[in-house]
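With mmCIF, C-alpha atoms inside, this is my_file19.cif:
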```cif
data_upload
loop_
_atom_site.group_PDB
_atom_site.id
_atom_site.type_symbol
_atom_site.label_atom_id
_atom_site.label_comp_id
_atom_site.auth_asym_id
_atom_site.auth_seq_id
_atom_site.Cartn_x
_atom_site.Cartn_y
_atom_site.Cartn_z
ATOM 1 C CA LEU I 1 -33.215 12.901 3.284
ATOM 2 C CA VAL I 2 -35.639 10.058 2.919
ATOM 3 C CA ALA I 3 -33.706 7.247 4.584
ATOM 4 C CA TRP I 4 -30.264 6.837 6.164
ATOM 5 C CA ASN I 5 -28.250 4.427 8.232
ATOM 6 C CA SER I 6 -25.804 4.806 11.106
ATOM 7 C CA LEU I 7 -22.775 5.073 8.799
ATOM 8 C CA PHE I 8 -24.318 8.172 7.235
ATOM 9 C CA LEU I 9 -24.407 9.748 10.687
ATOM 10 C CA GLN I 10 -20.855 8.613 11.428
ATOM 11 C CA VAL I 11 -19.398 9.799 8.117
ATOM 12 C CA LEU I 12 -20.975 13.220 8.414
ATOM 13 C CA ARG I 13 -20.484 13.235 12.206
ATOM 14 C CA LEU I 14 -24.068 14.209 12.695
ATOM 15 C CA PRO I 15 -25.939 13.803 15.959
ATOM 16 C CA GLN I 16 -29.036 11.632 15.564
ATOM 17 C CA GLU I 17 -31.278 14.383 16.951
ATOM 18 C CA LEU I 18 -30.389 16.818 14.110
ATOM 19 C CA VAL I 19 -31.118 14.336 11.330
ATOM 20 C CA ARG I 20 -34.687 14.069 10.169
ATOM 21 C CA GLN I 21 -36.607 13.049 7.089
ATOM 22 C CA GLY I 22 -36.701 15.899 4.571
ATOM 23 C CA LEU I 23 -33.387 17.418 5.739
ATOM 24 C CA SER I 24 -31.479 18.892 2.766
ATOM 25 C CA PHE I 25 -27.745 18.988 2.178
ATOM 26 C CA SER I 26 -27.903 22.772 2.270
ATOM 27 C CA GLU I 27 -29.221 22.477 5.839
ATOM 28 C CA ILE I 28 -26.415 20.064 6.748
ATOM 29 C CA VAL I 29 -23.896 22.554 5.369
ATOM 30 C CA THR I 30 -25.196 25.127 7.851
ATOM 31 C CA PHE I 31 -24.208 22.976 10.871
ATOM 32 C CA LYS I 32 -21.430 25.344 11.931
ATOM 33 C CA ASP I 33 -20.153 23.191 14.777
ATOM 34 C CA ASN I 34 -19.215 20.320 12.502
ATOM 35 C CA GLN I 35 -16.539 21.176 9.919
ATOM 36 C CA GLY I 36 -16.302 17.547 8.705
ATOM 37 C CA ALA I 37 -20.032 17.476 7.996
ATOM 38 C CA HIS I 38 -19.828 20.889 6.338
ATOM 39 C CA ASP I 39 -16.991 19.824 4.007
ATOM 40 C CA LEU I 40 -18.562 16.507 3.065
ATOM 41 C CA ALA I 41 -22.020 17.977 2.554
ATOM 42 C CA THR I 42 -20.477 20.634 0.312
ATOM 43 C CA ASP I 43 -18.702 17.862 -1.639
ATOM 44 C CA LEU I 44 -21.991 15.988 -1.983
ATOM 45 C CA ALA I 45 -23.776 19.083 -3.241
ATOM 46 C CA THR I 46 -21.025 19.525 -5.864
ATOM 47 C CA MET I 47 -21.221 15.824 -6.798
ATOM 48 C CA ASP I 48 -24.994 16.111 -7.150
ATOM 49 C CA GLU I 49 -24.665 19.105 -9.460
ATOM 50 C CA ARG I 50 -22.037 17.322 -11.623
ATOM 51 C CA ALA I 51 -24.037 14.083 -11.697
ATOM 52 C CA ARG I 52 -27.160 15.901 -12.847
ATOM 53 C CA ARG I 53 -25.216 17.808 -15.503
ATOM 54 C CA THR I 54 -23.548 14.659 -16.893
ATOM 55 C CA GLY I 55 -26.450 12.306 -16.174
ATOM 56 C CA LYS I 56 -23.984 9.767 -14.782
ATOM 57 C CA PRO I 57 -23.419 8.404 -11.295
ATOM 58 C CA LEU I 58 -20.272 9.590 -9.525
ATOM 59 C CA MET I 59 -17.863 7.978 -7.099
ATOM 60 C CA SER I 60 -15.541 9.777 -4.740
ATOM 61 C CA GLU I 61 -13.315 8.945 -1.791
ATOM 62 C CA ARG I 62 -12.894 10.949 1.336
ATOM 63 C CA GLU I 63 -10.548 10.445 4.239
ATOM 64 C CA ARG I 64 -12.094 11.409 7.520
ATOM 65 C CA SER I 65 -10.121 13.248 10.188
ATOM 66 C CA ASP I 66 -9.927 9.989 12.176
ATOM 67 C CA GLY I 67 -8.125 8.345 9.227
ATOM 68 C CA ARG I 68 -11.040 6.191 8.053
ATOM 69 C CA LEU I 69 -11.474 6.064 4.269
ATOM 70 C CA VAL I 70 -15.009 6.315 2.894
ATOM 71 C CA GLU I 71 -16.166 5.745 -0.684
ATOM 72 C CA ILE I 72 -19.152 7.801 -1.734
ATOM 73 C CA PHE I 73 -21.394 6.670 -4.599
ATOM 74 C CA HIS I 74 -23.822 9.320 -5.763
ATOM 75 C CA ASN I 75 -26.518 8.355 -8.245
ATOM 76 C CA PRO I 76 -29.157 10.880 -9.343
ATOM 77 C CA SER I 77 -32.580 9.522 -10.196
ATOM 78 C CA ALA I 78 -34.958 10.607 -12.951
ATOM 79 C CA ASP I 79 -37.477 12.020 -10.452
ATOM 80 C CA GLY I 80 -35.001 14.659 -9.256
ATOM 81 C CA GLY I 81 -33.864 12.761 -6.192
ATOM 82 C CA PHE I 82 -30.716 10.787 -5.698
ATOM 83 C CA VAL I 83 -29.254 7.871 -3.820
ATOM 84 C CA THR I 84 -25.946 8.336 -2.069
ATOM 85 C CA THR I 85 -24.169 5.352 -0.579
ATOM 86 C CA PHE I 86 -21.271 5.528 1.869
ATOM 87 C CA VAL I 87 -18.929 2.564 2.180
ATOM 88 C CA ASP I 88 -16.151 2.461 4.790
ATOM 89 C CA VAL I 89 -13.279 0.845 2.858
ATOM 90 C CA THR I 90 -10.501 1.395 5.396
ATOM 91 C CA ASP I 91 -10.065 -2.263 6.357
ATOM 92 C CA ARG I 92 -10.212 -3.436 2.742
ATOM 93 C CA ARG I 93 -7.611 -0.887 1.654
ATOM 94 C CA THR I 94 -5.362 -1.811 4.569
ATOM 95 C CA ALA I 95 -5.598 -5.503 3.607
ATOM 96 C CA GLU I 96 -4.904 -4.676 -0.069
ATOM 97 C CA LYS I 97 -1.853 -2.638 0.919
ATOM 98 C CA ALA I 98 -0.571 -5.488 3.103
ATOM 99 C CA ALA I 99 -1.095 -7.970 0.243
ATOM 100 C CA ARG I 100 0.829 -5.726 -2.177
ATOM 101 C CA GLN I 101 3.648 -5.411 0.347
ATOM 102 C CA ALA I 102 3.740 -9.204 0.796
ATOM 103 C CA GLN I 103 3.915 -9.663 -2.998
ATOM 104 C CA LYS I 104 6.807 -7.189 -3.195
ATOM 105 C CA MET I 105 8.659 -9.011 -0.434
ATOM 106 C CA GLU I 106 8.060 -12.365 -2.134
ATOM 107 C CA SER I 107 9.406 -11.011 -5.433
ATOM 108 C CA LEU I 108 12.422 -9.513 -3.662
ATOM 109 C CA GLY I 109 13.065 -12.844 -1.945
ATOM 110 C CA GLN I 110 12.882 -14.747 -5.245
ATOM 111 C CA MET I 111 15.186 -12.283 -6.958
ATOM 112 C CA THR I 112 17.641 -12.339 -4.043
ATOM 113 C CA GLY I 113 17.646 -16.142 -4.019
ATOM 114 C CA GLY I 114 18.318 -16.268 -7.760
ATOM 115 C CA ILE I 115 21.192 -13.795 -7.537
ATOM 116 C CA ALA I 116 22.687 -15.604 -4.540
ATOM 117 C CA HIS I 117 22.459 -18.944 -6.346
ATOM 118 C CA ASP I 118 24.163 -17.561 -9.479
ATOM 119 C CA PHE I 119 26.829 -15.813 -7.401
ATOM 120 C CA ASN I 120 27.485 -19.051 -5.490
ATOM 121 C CA ASN I 121 27.997 -20.872 -8.815
ATOM 122 C CA LEU I 122 30.580 -18.240 -9.830
ATOM 123 C CA LEU I 123 32.340 -18.545 -6.477
ATOM 124 C CA THR I 124 32.552 -22.320 -6.901
ATOM 125 C CA ILE I 125 34.419 -21.845 -10.176
ATOM 126 C CA ILE I 126 36.708 -19.203 -8.654
ATOM 127 C CA VAL I 127 37.506 -21.254 -5.543
ATOM 128 C CA GLY I 128 38.110 -24.395 -7.598
ATOM 129 C CA ASN I 129 40.556 -22.620 -9.860
ATOM 130 C CA LEU I 130 42.299 -20.943 -6.909
ATOM 131 C CA ASP I 131 42.742 -24.340 -5.261
ATOM 132 C CA LEU I 132 44.334 -25.683 -8.457
ATOM 133 C CA LEU I 133 46.545 -22.600 -8.701
ATOM 134 C CA LYS I 134 47.570 -22.969 -5.064
ATOM 135 C CA MET I 135 48.992 -26.442 -5.820
ATOM 136 C CA ARG I 136 51.050 -25.054 -8.738
ATOM 137 C CA VAL I 137 52.565 -22.107 -6.864
ATOM 138 C CA THR I 138 53.737 -24.089 -3.834
ATOM 139 C CA GLY I 139 57.086 -22.692 -2.755
ATOM 140 C CA ASP I 140 56.509 -19.236 -4.272
ATOM 141 C CA ARG I 141 55.642 -17.288 -1.089
ATOM 142 C CA LYS I 142 54.456 -14.212 -2.953
ATOM 143 C CA ALA I 143 52.194 -16.197 -5.288
ATOM 144 C CA GLU I 144 50.903 -18.304 -2.366
ATOM 145 C CA ARG I 145 50.010 -15.090 -0.496
ATOM 146 C CA HIS I 146 48.057 -13.759 -3.507
ATOM 147 C CA VAL I 147 46.126 -17.015 -3.790
ATOM 148 C CA GLU I 148 45.377 -16.997 -0.034
ATOM 149 C CA LEU I 149 44.036 -13.423 -0.213
ATOM 150 C CA ALA I 150 41.875 -14.359 -3.189
ATOM 151 C CA LEU I 151 40.552 -17.407 -1.288
ATOM 152 C CA MET I 152 39.756 -15.206 1.731
ATOM 153 C CA GLY I 153 37.799 -12.868 -0.544
ATOM 154 C CA ALA I 154 35.929 -15.812 -2.044
ATOM 155 C CA ASP I 155 35.155 -17.060 1.478
ATOM 156 C CA ARG I 156 33.665 -13.650 2.389
ATOM 157 C CA GLY I 157 31.626 -13.827 -0.823
ATOM 158 C CA ALA I 158 30.353 -17.288 0.186
ATOM 159 C CA LYS I 159 29.284 -15.963 3.601
ATOM 160 C CA LEU I 160 27.461 -13.106 1.901
ATOM 161 C CA THR I 161 25.753 -15.621 -0.381
ATOM 162 C CA HIS I 162 24.564 -17.610 2.651
ATOM 163 C CA GLN I 163 23.153 -14.407 4.184
ATOM 164 C CA LEU I 164 21.327 -13.600 0.949
ATOM 165 C CA LEU I 165 19.878 -17.112 0.794
ATOM 166 C CA ALA I 166 18.738 -16.846 4.426
ATOM 167 C CA PHE I 167 17.005 -13.548 3.581
ATOM 168 C CA ALA I 168 15.395 -15.096 0.503
ATOM 169 C CA ARG I 169 14.002 -17.997 2.554
ATOM 170 C CA ARG I 170 12.366 -15.552 4.984
#
```
Take the structure I supplied and represent it as structure tokens, if you would.
Amino acid sequence: LVAWNSLFLQVLRLPQELVRQGLSFSEIVTFKDNQGAHDLATDLATMDERARRTGKPLMSERERSDGRLVEIFHNPSADGGFVTTFVDVTDRRTAEKAARQAQKMESLGQMTGGIAHDFNNLLTIIVGNLDLLKMRVTGDRKAERHVELALMGADRGAKLTHQLLAFARR
């Protein structure tokens, strides 16, 4: 280690008194009382080896035991050293997830509104024709009953349409 900030200590769960300039990842791995530090330091050692072999910087994510999500950027330098950056991205990821969920709900609302509108148009045609039929079958009790049942079904469909439109507006 040459330089570090407080997030480095938090991510690795290292006590300030154990961290010093010149500390190596192999020494961090030996901190037996800190499994999180051991696992992450081992990951970093593996990243360093891969980065040196490929000559390219690497990025990784790690979820800490407290649920925080940390991005790790590991960039080897020509002099044999490296720069590793830790970025806590938990809040950003939570906001991105909420935005995606809001977009899904908006799309669902638009689709629901469109279906309800089309269904309402169909019901208007059905109800109009049933009303005309009702006038023609006056006196035929059986036919009147069939028309009434069909109108009751159309009325239930209209109520469902209103519920769908109320959902779509939300």
Tell me, in Å to one decimal, how far CA of His117 (chain I) is from CA of Glu144 (chain I). 28.7 Å
Any chance you could resolve the PyMOL selection byres ((chain I and resi 169) around 10) against this file and give the residues as a list of chain:residue names?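 Selected by the PyMOL selection byres ((chain I and resi 169) around 10) here: I:Glu106, I:Gly109, I:Gln110, I:Thr112, I:Gly113, I:Gln163, I:Leu164, I:Leu165, I:Ala166, I:Phe167, I:Ala168, I:Arg170.
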So the first atom is CA of Ala95 (chain I) and the second is CA of Arg64 (chain I); what is the distance between them in Å, to one decimal place? 18.5 Å
Expressed in Å, the length from CA of Gly55 (chain I) to CA of Pro76 (chain I) is 7.5 Å
Of the candidates I:Lys134, I:Gln10, I:Asn120, I:Leu44, which shows the shortest atom-to-atom distance to Arg68 (chain I), using only C-alpha atoms?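 Looking only at the distances to Arg68 (chain I), the closest residue turns out to be I:Gln10.
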Which residue, I:Leu160, I:Val19, I:Leu7, I:Leu1, has the smallest gap to Asp88 (chain I) when you use only C-alpha atoms? I:Leu7
If you take every atom of region 60-68 of chain I that the file lists and fit an axis-aligned box around them with 6 Å extra on each side, what centre and edge lengths come out in Å to one decimal, as AutoDock Vina command-line options?
```
--center_x -11.8 --center_y 9.7 --center_z 3.7 --size_x 19.4 --size_y 19.1 --size_z 28.9
```
Applying 9 Å and only C-alpha atoms, which residues near Val87 (chain I) remain after dropping the ones on its own chain fewer than 4 positions away? List them as a list of chain:residue names.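 The filter keeps I:Leu7, I:Leu69, I:Val70, I:Glu71, I:Ile72, I:Phe73.
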Nearest residue to Gly67 (chain I) out of I:Asp155, I:Glu27, I:Asp91, I:Glu96, using all atoms listed in the file? I:Asp91
Who sits within 10 Å of Val83 (chain I), all atoms listed in the file, same chain under 4 positions skipped, as a list in words: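 The contact residues come out as Leu1, Val2, Ala3, Asp48, Pro57, Phe73, His74, Asn75, Pro76 and Ser77 of chain I.
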Just checking: using all atoms listed in the file, which residue out of I:Leu123, I:Gly80, I:Leu23, I:Val11 ends up closest to Glu61 (chain I)? I:Val11
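If all atoms listed in the file are the atoms counted, then among I:Phe82, I:Thr161, I:Met59, I:Leu151 the closest residue to Ile115 (chain I) is I:Thr161.
With all atoms listed in the file as the atoms that count, the residue of I:Asp79, I:Trp4, I:Phe119, I:Thr84 with the shortest distance to Leu58 (chain I) is I:Thr84.
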